[in-house]
>>> print(open('upload-v1.pdb').read())   # PDB, C-alpha atoms
ATOM      1  CA  MET A 545     123.873  66.002  76.572
ATOM      2  CA  SER A 546     121.423  68.778  76.850
ATOM      3  CA  THR A 547     119.598  70.401  73.978
ATOM      4  CA  ALA A 548     118.590  74.050  73.815
ATOM      5  CA  ARG A 549     114.972  72.964  74.118
ATOM      6  CA  GLN A 550     115.762  71.034  77.303
ATOM      7  CA  ASP A 551     117.564  74.063  78.724
ATOM      8  CA  ILE A 552     114.548  76.290  78.131
ATOM      9  CA  ALA A 553     112.168  73.677  79.538
ATOM     10  CA  ARG A 554     114.327  73.431  82.651
ATOM     11  CA  LEU A 555     114.293  77.188  83.239
ATOM     12  CA  ALA A 556     110.533  77.362  82.653
ATOM     13  CA  ALA A 557     109.900  74.450  85.039
ATOM     14  CA  ALA A 558     112.081  76.059  87.710
ATOM     15  CA  LEU A 559     110.224  79.377  87.471
ATOM     16  CA  ALA A 560     106.818  77.663  87.464
ATOM     17  CA  ALA A 561     107.776  75.554  90.476
ATOM     18  CA  GLY A 562     109.059  78.617  92.345
ATOM     19  CA  LEU A 563     105.875  80.507  91.597
ATOM     20  CA  LEU A 564     103.716  77.622  92.809
ATOM     21  CA  PHE A 565     105.836  77.276  95.936
ATOM     22  CA  GLY A 566     105.516  80.985  96.657
ATOM     23  CA  LEU A 567     101.791  80.863  96.018
ATOM     24  CA  GLY A 568     101.506  77.917  98.410
ATOM     25  CA  LEU A 569     103.319  79.815 101.160
ATOM     26  CA  ALA A 570     101.069  82.837 100.578
ATOM     27  CA  VAL A 571      97.781  80.899 100.433
ATOM     28  CA  SER A 572      98.623  78.951 103.595
ATOM     29  CA  GLY A 573      99.698  82.119 105.391
ATOM     30  CA  MET A 574     103.130  80.642 106.108
ATOM     31  CA  VAL A 575     104.858  83.698 104.669
ATOM     32  CA  ASN A 576     103.641  85.480 107.808
ATOM     33  CA  PRO A 577     106.000  84.848 110.757
ATOM     34  CA  ALA A 578     103.160  85.373 113.251
ATOM     35  CA  LYS A 579     101.292  82.437 111.693
ATOM     36  CA  VAL A 580     104.337  80.176 112.005
ATOM     37  CA  LEU A 581     104.957  81.309 115.582
ATOM     38  CA  GLY A 582     101.308  80.486 116.297
ATOM     39  CA  PHE A 583     102.037  76.894 115.317
ATOM     40  CA  LEU A 584     105.225  76.782 117.373
ATOM     41  CA  ASP A 585     103.452  78.220 120.417
ATOM     42  CA  ILE A 586     102.133  74.903 121.717
ATOM     43  CA  PHE A 587     101.579  76.253 125.231
ATOM     44  CA  GLY A 588      99.573  79.240 124.015
ATOM     45  CA  HIS A 589      96.836  79.814 121.461
ATOM     46  CA  TRP A 590      97.951  76.969 119.189
ATOM     47  CA  ASP A 591      97.382  77.465 115.459
ATOM     48  CA  PRO A 592      97.588  74.089 113.662
ATOM     49  CA  SER A 593      97.772  75.578 110.136
ATOM     50  CA  LEU A 594     101.388  74.526 109.555
ATOM     51  CA  ALA A 595     100.415  70.927 110.313
ATOM     52  CA  GLY A 596      97.762  71.261 107.605
ATOM     53  CA  VAL A 597     100.439  72.410 105.166
ATOM     54  CA  MET A 598     102.701  69.461 105.936
ATOM     55  CA  ALA A 599      99.792  66.990 105.848
ATOM     56  CA  THR A 600      99.294  67.656 102.138
ATOM     57  CA  ALA A 601     102.703  68.935 100.999
ATOM     58  CA  ILE A 602     104.584  65.782 102.019
ATOM     59  CA  PRO A 603     102.289  63.153 100.397
ATOM     60  CA  VAL A 604     101.849  65.207  97.212
ATOM     61  CA  THR A 605     105.621  65.590  96.933
ATOM     62  CA  ALA A 606     106.029  61.865  97.613
ATOM     63  CA  VAL A 607     103.710  60.960  94.706
ATOM     64  CA  PHE A 608     105.793  63.073  92.315
ATOM     65  CA  TYR A 609     109.011  61.572  93.684
ATOM     66  CA  ARG A 610     107.636  58.070  93.040
ATOM     67  CA  LEU A 611     106.806  59.032  89.480
ATOM     68  CA  ALA A 612     110.277  60.486  89.032
ATOM     69  CA  ALA A 613     111.965  57.424  90.540
ATOM     70  CA  ARG A 614     110.376  55.184  87.904
ATOM     71  CA  ARG A 615     112.112  57.120  85.177
ATOM     72  CA  PRO A 616     115.740  56.765  84.094
ATOM     73  CA  ALA A 617     116.149  60.552  84.362
ATOM     74  CA  ALA A 618     114.162  63.736  84.948
ATOM     75  CA  LEU A 619     111.880  64.944  82.125
ATOM     76  CA  THR A 620     114.509  67.413  80.935
ATOM     77  CA  GLY A 621     117.178  64.717  80.792
ATOM     78  CA  ARG A 622     118.977  65.548  84.035
ATOM     79  CA  PRO A 623     119.925  62.562  86.230
ATOM     80  CA  LEU A 624     117.900  62.189  89.418
ATOM     81  CA  PRO A 625     119.739  62.842  92.693
ATOM     82  CA  PRO A 626     120.894  59.796  94.672
ATOM     83  CA  SER A 627     119.534  59.138  98.166
ATOM     84  CA  PRO A 628     121.588  60.836 100.855
ATOM     85  CA  ALA A 629     124.127  58.331 102.130
ATOM     86  CA  ARG A 630     125.419  60.447 104.981
ATOM     87  CA  PRO A 631     124.829  59.250 108.528
ATOM     88  CA  ILE A 632     122.899  60.935 111.319
ATOM     89  CA  ASP A 633     125.804  62.752 112.915
ATOM     90  CA  ARG A 634     126.559  65.581 115.307
ATOM     91  CA  ARG A 635     126.552  68.112 112.474
ATOM     92  CA  LEU A 636     122.970  67.229 111.592
ATOM     93  CA  VAL A 637     121.848  67.397 115.220
ATOM     94  CA  ALA A 638     123.641  70.664 116.006
ATOM     95  CA  GLY A 639     122.573  72.262 112.743
ATOM     96  CA  ALA A 640     118.913  71.350 113.176
ATOM     97  CA  LEU A 641     118.893  72.647 116.777
ATOM     98  CA  LEU A 642     120.542  75.972 115.844
ATOM     99  CA  PHE A 643     118.173  76.407 112.926
ATOM    100  CA  GLY A 644     115.223  75.678 115.214
ATOM    101  CA  VAL A 645     116.268  78.368 117.692
ATOM    102  CA  GLY A 646     116.585  80.964 114.917
ATOM    103  CA  TRP A 647     113.273  79.877 113.391
ATOM    104  CA  GLY A 648     111.503  80.108 116.748
ATOM    105  CA  ALA A 649     113.055  83.496 117.522
ATOM    106  CA  VAL A 650     111.677  85.228 114.416
ATOM    107  CA  GLY A 651     109.205  82.866 112.716
ATOM    108  CA  PHE A 652     111.073  82.928 109.413
ATOM    109  CA  CYS A 653     112.650  79.934 107.730
ATOM    110  CA  PRO A 654     114.519  80.491 104.432
ATOM    111  CA  GLY A 655     111.584  80.154 101.989
ATOM    112  CA  PRO A 656     109.147  82.585 103.594
ATOM    113  CA  ALA A 657     111.987  85.020 104.356
ATOM    114  CA  ILE A 658     113.021  85.139 100.689
ATOM    115  CA  GLU A 659     109.385  85.486  99.656
ATOM    116  CA  ALA A 660     108.855  88.324 102.137
ATOM    117  CA  LEU A 661     111.615  90.408 100.510
ATOM    118  CA  VAL A 662     108.922  92.048  98.369
ATOM    119  CA  LEU A 663     106.503  92.396 101.272
ATOM    120  CA  ASP A 664     108.484  93.833 104.169
ATOM    121  CA  GLY A 665     111.804  95.676 104.297
ATOM    122  CA  ARG A 666     112.748  93.990 107.561
ATOM    123  CA  ALA A 667     113.020  90.688 105.676
ATOM    124  CA  TRP A 668     116.184  92.081 104.025
ATOM    125  CA  ILE A 669     117.897  92.283 107.408
ATOM    126  CA  PHE A 670     116.969  88.681 108.145
ATOM    127  CA  VAL A 671     117.971  87.358 104.720
ATOM    128  CA  GLY A 672     121.256  89.307 104.817
ATOM    129  CA  ALA A 673     122.101  87.798 108.191
ATOM    130  CA  MET A 674     121.034  84.381 106.893
ATOM    131  CA  ALA A 675     123.453  84.689 103.969
ATOM    132  CA  ALA A 676     126.223  85.669 106.385
ATOM    133  CA  GLY A 677     125.410  82.658 108.551
ATOM    134  CA  MET A 678     125.570  80.357 105.540
ATOM    135  CA  LEU A 679     128.935  81.736 104.451
ATOM    136  CA  GLY A 680     130.147  81.458 108.038
ATOM    137  CA  SER A 681     129.013  77.840 108.181
ATOM    138  CA  LYS A 682     130.933  77.108 105.004
ATOM    139  CA  CYS A 683     134.164  78.603 106.374
ATOM    140  CA  TRP A 684     133.718  76.882 109.712
ATOM    141  CA  SER A 685     133.065  73.507 108.059
ATOM    142  CA  ARG A 686     136.161  73.791 105.896
ATOM    143  CA  ARG A 687     138.318  74.430 108.909
ATOM    144  CA  SER A 688     136.755  72.034 111.404
ATOM    145  CA  SER A 689     137.594  68.586 110.029
ATOM    146  CA  ILE A 690     138.165  66.361 107.053
ATOM    147  CA  ARG A 691     134.675  64.977 107.496
ATOM    148  CA  ALA A 692     133.421  68.456 106.852
ATOM    149  CA  HIS A 693     134.812  68.162 103.352
ATOM    150  CA  ASP A 694     131.900  66.195 101.912
ATOM    151  CA  ALA A 695     129.349  68.113 103.938
ATOM    152  CA  GLY A 696     130.703  71.362 102.562
ATOM    153  CA  THR A 697     129.860  70.425  98.982
ATOM    154  CA  GLU A 698     126.141  69.801  99.163
ATOM    155  CA  GLY A 699     123.807  68.665 101.886
ATOM    156  CA  ASP A 700     120.560  66.779 101.533
ATOM    157  CA  ALA A 701     118.794  69.752 100.168
TER     158      ALA A 701
ATOM    159  CA  MET B 959      77.674  72.582 108.935
ATOM    160  CA  GLU B 960      76.797  74.707 111.939
ATOM    161  CA  LEU B 961      79.821  73.353 113.693
ATOM    162  CA  LEU B 962      81.998  74.635 110.875
ATOM    163  CA  THR B 963      80.742  78.165 111.255
ATOM    164  CA  THR B 964      80.921  78.300 115.026
ATOM    165  CA  PRO B 965      83.373  81.099 115.807
ATOM    166  CA  ALA B 966      85.439  78.973 118.149
ATOM    167  CA  VAL B 967      85.924  76.251 115.548
ATOM    168  CA  SER B 968      85.923  78.007 112.212
ATOM    169  CA  PRO B 969      89.190  79.974 112.510
ATOM    170  CA  VAL B 970      90.990  76.713 113.191
ATOM    171  CA  LEU B 971      89.285  74.899 110.324
ATOM    172  CA  HIS B 972      89.812  77.871 108.078
ATOM    173  CA  GLY B 973      93.510  77.879 108.915
ATOM    174  CA  LEU B 974      93.784  74.136 108.390
ATOM    175  CA  SER B 975      92.005  74.158 105.037
ATOM    176  CA  ARG B 976      94.004  77.121 103.766
ATOM    177  CA  GLY B 977      97.109  75.344 105.041
ATOM    178  CA  ALA B 978      96.139  72.128 103.275
ATOM    179  CA  LEU B 979      95.502  73.993 100.022
ATOM    180  CA  GLY B 980      98.835  75.781 100.291
ATOM    181  CA  GLY B 981     100.469  72.454 101.075
ATOM    182  CA  VAL B 982      99.121  70.943  97.851
ATOM    183  CA  LEU B 983     100.641  73.841  95.887
ATOM    184  CA  ILE B 984     103.954  73.410  97.693
ATOM    185  CA  GLY B 985     103.870  69.661  97.047
ATOM    186  CA  VAL B 986     103.177  70.158  93.334
ATOM    187  CA  ALA B 987     106.005  72.722  93.208
ATOM    188  CA  ALA B 988     108.537  70.457  94.924
ATOM    189  CA  GLY B 989     107.333  67.491  92.854
ATOM    190  CA  LEU B 990     107.556  69.380  89.581
ATOM    191  CA  LEU B 991     111.090  70.526  90.340
ATOM    192  CA  MET B 992     112.145  66.904  90.856
ATOM    193  CA  LEU B 993     110.171  65.336  88.009
ATOM    194  CA  ALA B 994     111.131  67.976  85.459
ATOM    195  CA  ASN B 995     114.594  69.003  86.596
ATOM    196  CA  GLY B 996     115.824  66.354  89.022
ATOM    197  CA  ARG B 997     116.285  69.001  91.738
ATOM    198  CA  LEU B 998     115.365  68.960  95.417
ATOM    199  CA  ALA B 999     113.336  71.989  96.460
ATOM    200  CA  GLY B1000     115.480  72.693  99.504
ATOM    201  CA  LEU B1001     115.452  76.451  99.822
ATOM    202  CA  SER B1002     118.417  76.868 102.161
ATOM    203  CA  GLY B1003     120.529  74.655  99.902
ATOM    204  CA  LEU B1004     119.490  76.448  96.719
ATOM    205  CA  PHE B1005     120.066  79.878  98.286
ATOM    206  CA  ALA B1006     123.462  78.884  99.692
ATOM    207  CA  GLY B1007     124.384  77.402  96.318
ATOM    208  CA  LEU B1008     123.807  80.747  94.662
ATOM    209  CA  LEU B1009     125.992  82.460  97.267
ATOM    210  CA  GLY B1010     128.778  80.126  96.232
ATOM    211  CA  GLY B1011     128.954  81.517  92.704
ATOM    212  CA  ARG B1012     127.953  80.221  89.307
ATOM    213  CA  SER B1013     127.259  76.510  89.413
ATOM    214  CA  ALA B1014     125.954  74.420  86.519
ATOM    215  CA  THR B1015     122.411  75.018  87.749
ATOM    216  CA  TRP B1016     122.607  78.641  88.903
ATOM    217  CA  LYS B1017     120.181  80.054  86.337
ATOM    218  CA  GLU B1018     117.369  77.634  87.118
ATOM    219  CA  ASP B1019     118.018  77.884  90.862
ATOM    220  CA  LEU B1020     117.798  81.672  90.669
ATOM    221  CA  LEU B1021     114.552  81.455  88.700
ATOM    222  CA  PHE B1022     113.089  79.059  91.259
ATOM    223  CA  LEU B1023     113.974  81.412  94.128
ATOM    224  CA  ALA B1024     112.672  84.426  92.186
ATOM    225  CA  GLY B1025     109.383  82.559  91.844
ATOM    226  CA  LEU B1026     108.792  82.822  95.608
ATOM    227  CA  PRO B1027     108.266  86.618  95.768
ATOM    228  CA  LEU B1028     106.476  86.426  92.420
ATOM    229  CA  GLY B1029     104.086  83.929  93.992
ATOM    230  CA  ALA B1030     103.364  86.358  96.813
ATOM    231  CA  LEU B1031     102.745  89.193  94.342
ATOM    232  CA  ALA B1032     100.511  86.963  92.199
ATOM    233  CA  PHE B1033      98.509  86.037  95.280
ATOM    234  CA  ARG B1034      98.037  89.641  96.281
ATOM    235  CA  PHE B1035      97.511  91.355  92.942
ATOM    236  CA  LEU B1036      96.119  88.669  90.617
ATOM    237  CA  LEU B1037      94.062  86.679  93.084
ATOM    238  CA  GLY B1038      93.249  89.555  95.411
ATOM    239  CA  GLY B1039      94.450  87.579  98.420
ATOM    240  CA  GLU B1040      95.004  89.224 101.766
ATOM    241  CA  MET B1041      98.426  89.084 103.305
ATOM    242  CA  HIS B1042      99.334  90.448 106.690
ATOM    243  CA  LEU B1043     102.906  90.173 107.807
ATOM    244  CA  THR B1044     103.504  90.483 111.517
ATOM    245  CA  LEU B1045     107.224  90.520 112.084
ATOM    246  CA  THR B1046     109.516  91.579 114.892
ATOM    247  CA  SER B1047     111.160  94.989 114.508
ATOM    248  CA  SER B1048     114.029  94.116 116.815
ATOM    249  CA  PRO B1049     117.272  94.299 114.798
ATOM    250  CA  LEU B1050     118.872  91.989 117.340
ATOM    251  CA  LEU B1051     116.270  89.277 116.766
ATOM    252  CA  LEU B1052     116.296  89.727 112.984
ATOM    253  CA  LEU B1053     120.105  89.578 112.805
ATOM    254  CA  GLY B1054     120.551  86.842 115.399
ATOM    255  CA  GLY B1055     117.693  84.753 114.022
ATOM    256  CA  GLY B1056     118.970  85.134 110.467
ATOM    257  CA  LEU B1057     122.503  84.136 111.454
ATOM    258  CA  LEU B1058     121.268  81.043 113.315
ATOM    259  CA  VAL B1059     118.962  80.011 110.464
ATOM    260  CA  GLY B1060     121.740  80.449 107.905
ATOM    261  CA  PHE B1061     124.429  78.727 109.942
ATOM    262  CA  GLY B1062     122.164  75.953 111.236
ATOM    263  CA  THR B1063     120.567  75.029 107.919
ATOM    264  CA  ARG B1064     123.944  74.623 106.239
ATOM    265  CA  LEU B1065     125.398  72.667 109.135
ATOM    266  CA  GLY B1066     122.322  70.433 109.267
ATOM    267  CA  GLY B1067     121.968  70.140 105.493
ATOM    268  CA  GLY B1068     118.470  71.563 105.119
ATOM    269  CA  CYS B1069     115.569  73.638 106.375
ATOM    270  CA  THR B1070     111.795  73.233 106.526
ATOM    271  CA  SER B1071     111.472  72.653 102.783
ATOM    272  CA  GLY B1072     114.539  70.450 102.342
ATOM    273  CA  HIS B1073     114.168  68.241 105.409
ATOM    274  CA  ALA B1074     110.480  68.436 106.365
ATOM    275  CA  VAL B1075     108.887  68.453 102.887
ATOM    276  CA  CYS B1076     111.376  66.884 100.444
ATOM    277  CA  GLY B1077     113.261  64.727 102.962
ATOM    278  CA  LEU B1078     110.168  63.250 104.593
ATOM    279  CA  ALA B1079     108.605  62.710 101.145
ATOM    280  CA  ARG B1080     111.506  60.424 100.325
ATOM    281  CA  LEU B1081     111.502  58.808 103.762
ATOM    282  CA  SER B1082     114.988  59.975 104.713
ATOM    283  CA  PRO B1083     115.833  59.032 108.331
ATOM    284  CA  ARG B1084     118.226  62.008 108.474
ATOM    285  CA  SER B1085     115.433  64.368 107.549
ATOM    286  CA  LEU B1086     113.073  62.831 110.107
ATOM    287  CA  VAL B1087     115.621  63.391 112.873
ATOM    288  CA  ALA B1088     116.383  66.923 111.671
ATOM    289  CA  THR B1089     112.682  67.817 111.420
ATOM    290  CA  LEU B1090     111.889  66.573 114.927
ATOM    291  CA  LEU B1091     114.885  68.432 116.349
ATOM    292  CA  PHE B1092     114.254  71.781 114.708
ATOM    293  CA  MET B1093     110.545  71.627 115.551
ATOM    294  CA  VAL B1094     111.301  70.930 119.216
ATOM    295  CA  ALA B1095     114.034  73.590 119.336
ATOM    296  CA  ALA B1096     111.730  76.164 117.742
ATOM    297  CA  MET B1097     108.841  75.337 120.090
ATOM    298  CA  ALA B1098     111.175  75.555 123.079
ATOM    299  CA  THR B1099     112.467  78.918 121.846
ATOM    300  CA  VAL B1100     108.945  80.302 121.533
ATOM    301  CA  ALA B1101     108.066  79.004 124.991
ATOM    302  CA  ALA B1102     111.256  80.486 126.457
ATOM    303  CA  GLY B1103     110.589  83.802 124.744
ATOM    304  CA  LYS B1104     107.221  84.053 126.482
ATOM    305  CA  LEU B1105     108.832  83.563 129.876
ATOM    306  CA  LEU B1106     111.322  86.393 129.317
TER     307      LEU B1106
END
>>> encode(input="upload-v1.pdb", output="structure tokens")
Amino acid sequence: MSTARQDIARLAAALAAGLLFGLGLAVSGMVNPAKVLGFLDIFGHWDPSLAGVMATAIPVTAVFYRLAARRPAALTGRPLPPSPARPIDRRLVAGALLFGVGWGAVGFCPGPAIEALVLDGRAWIFVGAMAAGMLGSKCWSRRSSIRAHDAGTEGDA
Amino acid sequence: MELLTTPAVSPVLHGLSRGALGGVLIGVAAGLLMLANGRLAGLSGLFAGLLGGRSATWKEDLLFLAGLPLGALAFRFLLGGEMHLTLTSSPLLLLGGGLLVGFGTRLGGGCTSGHAVCGLARLSPRSLVATLLFMVAAMATVAAGKLL
């Protein structure tokens, strides 16, 4: 059951959260690939800023998650997602490694790349290729095995 | 305080404090999305979900993603923040990097936001493994790129 008021609250919360997330990426400089590459360049002029981002983002998120977990449902009535029950498998390992190579090659991960769409035209090339890669992954997963079936629906995030 | 303003130290501290401030905003954003809507702020998952057509949550997911560029514009035009984007112009890198990020995040079930922020915040062993692996792979890629 979801009332019209809950629907509106949900849309408003999503937009507010997106705005805050985008603001966070801008304030921290993480929307700039050069800044991210500076963090990844551990053998060069190392820029620890990304570690600073994680040092606060993770605990702040964790506090909210604790608050949410105490409730029977989210504030707008939606059930809270269950903990991921999937194992650490080859898909996770291969996927994380491939993502890491792409991230290190350009300095964009999905969030900053989407944010940069209004800042730099070249971000459209990256995001377009990213969408193609995601669709490709979906097709490949469907074909590869039965185990891919549950992974194809929704991952951890 | 002199130490803080020493040129050699202050850029690092400045970066860290700006990073920490941005991290708080990101944490509040991810936390709000869960507390209010019961949604994980995993950007690769949300983006891929929208590519898959109209789900039950497509409107709110689209609004969340639209908030990202709006956040950048708010930072620049409302807060007067400075933003410099230094990005490769190589189409090969942009296309190849984008493909790998798209394919890899879906195969591995998350990206920096989904695994490193949301996953670690809920102490997911899967996310810890994924985060360590993509960090190491990315650092190795940057190191390899400098050798080429």
>>> residues_around(input="upload-v1.pdb", residues="segment 1073-1082 of chain B", least_positions_apart="4", cutoff="6 Å", atoms="only C-alpha atoms", output="PyMOL selection string")
(chain A and resi 602+605-606) or (chain B and resi 1068-1069+1089)
>>> axis_aligned_box(input="upload-v1.pdb", around="segment 1056-1069 of chain B", padding_each_side="4 Å", output="AutoDock Vina command-line options")
--center_x 120.5 --center_y 77.6 --center_z 109.2 --size_x 17.8 --size_y 23.0 --size_z 16.2
>>> closest_residue(input="upload-v1.pdb", among="A:Ala629, A:Phe583, A:Ala613, A:Val645", to="chain B", atoms="all atoms listed in the file")
A:Val645
>>> closest_atom_pairs(input="upload-v1.pdb", of="segment 1019-1042 of chain B", to="segment 980-1001 of chain B", cutoff="10 Å", atoms="all atoms listed in the file", output="JSON lines")
{"residue": "B:Asp1019", "atom": "CA", "partner": "B:Arg997", "partner_atom": "CA", "distance": 9.1}
{"residue": "B:Phe1022", "atom": "CA", "partner": "B:Ala999", "partner_atom": "CA", "distance": 8.8}
{"residue": "B:Leu1023", "atom": "CA", "partner": "B:Leu1001", "partner_atom": "CA", "distance": 7.7}
>>> write_last_selection(input="upload-v1.pdb", atoms="C-alpha atoms", output="short mmCIF file (atom, residue, chain, number, x, y, z; two decimals), in the coordinates of the input")
data_model
loop_
_atom_site.label_atom_id
_atom_site.label_comp_id
_atom_site.auth_asym_id
_atom_site.auth_seq_id
_atom_site.Cartn_x
_atom_site.Cartn_y
_atom_site.Cartn_z
CA ASP B 1019 118.02 77.88 90.86
CA PHE B 1022 113.09 79.06 91.26
CA LEU B 1023 113.97 81.41 94.13
#
>>> resolve_selection(input="upload-v1.pdb", expression="the PyMOL selection byres ((chain B and resi 966-979) around 10)", output="PyMOL selection string")
(chain A and resi 568-574+579+590-601) or (chain B and resi 960-965+980-985)
>>> residues_around(input="upload-v1.pdb", residues="segment 1050-1052 of chain B", least_positions_apart="6", cutoff="8 Å", atoms="all atoms listed in the file", output="ChimeraX atom specification")
/A:649-650,666,669-670,673
>>> write_last_selection(input="upload-v1.pdb", atoms="C-alpha atoms", output="PDB file, in the frame of the given file")
ATOM      1  CA  ALA A 649     113.055  83.496 117.522  1.00  0.00           C
ATOM      2  CA  VAL A 650     111.677  85.228 114.416  1.00  0.00           C
ATOM      3  CA  ARG A 666     112.748  93.990 107.561  1.00  0.00           C
ATOM      4  CA  ILE A 669     117.897  92.283 107.408  1.00  0.00           C
ATOM      5  CA  PHE A 670     116.969  88.681 108.145  1.00  0.00           C
ATOM      6  CA  ALA A 673     122.101  87.798 108.191  1.00  0.00           C
TER       7      ALA A 673
END
>>> atom_distance(input="upload-v1.pdb", atom1="atom CA of Gly562 of chain A", atom2="atom CA of Ala1024 of chain B")
6.8 Å
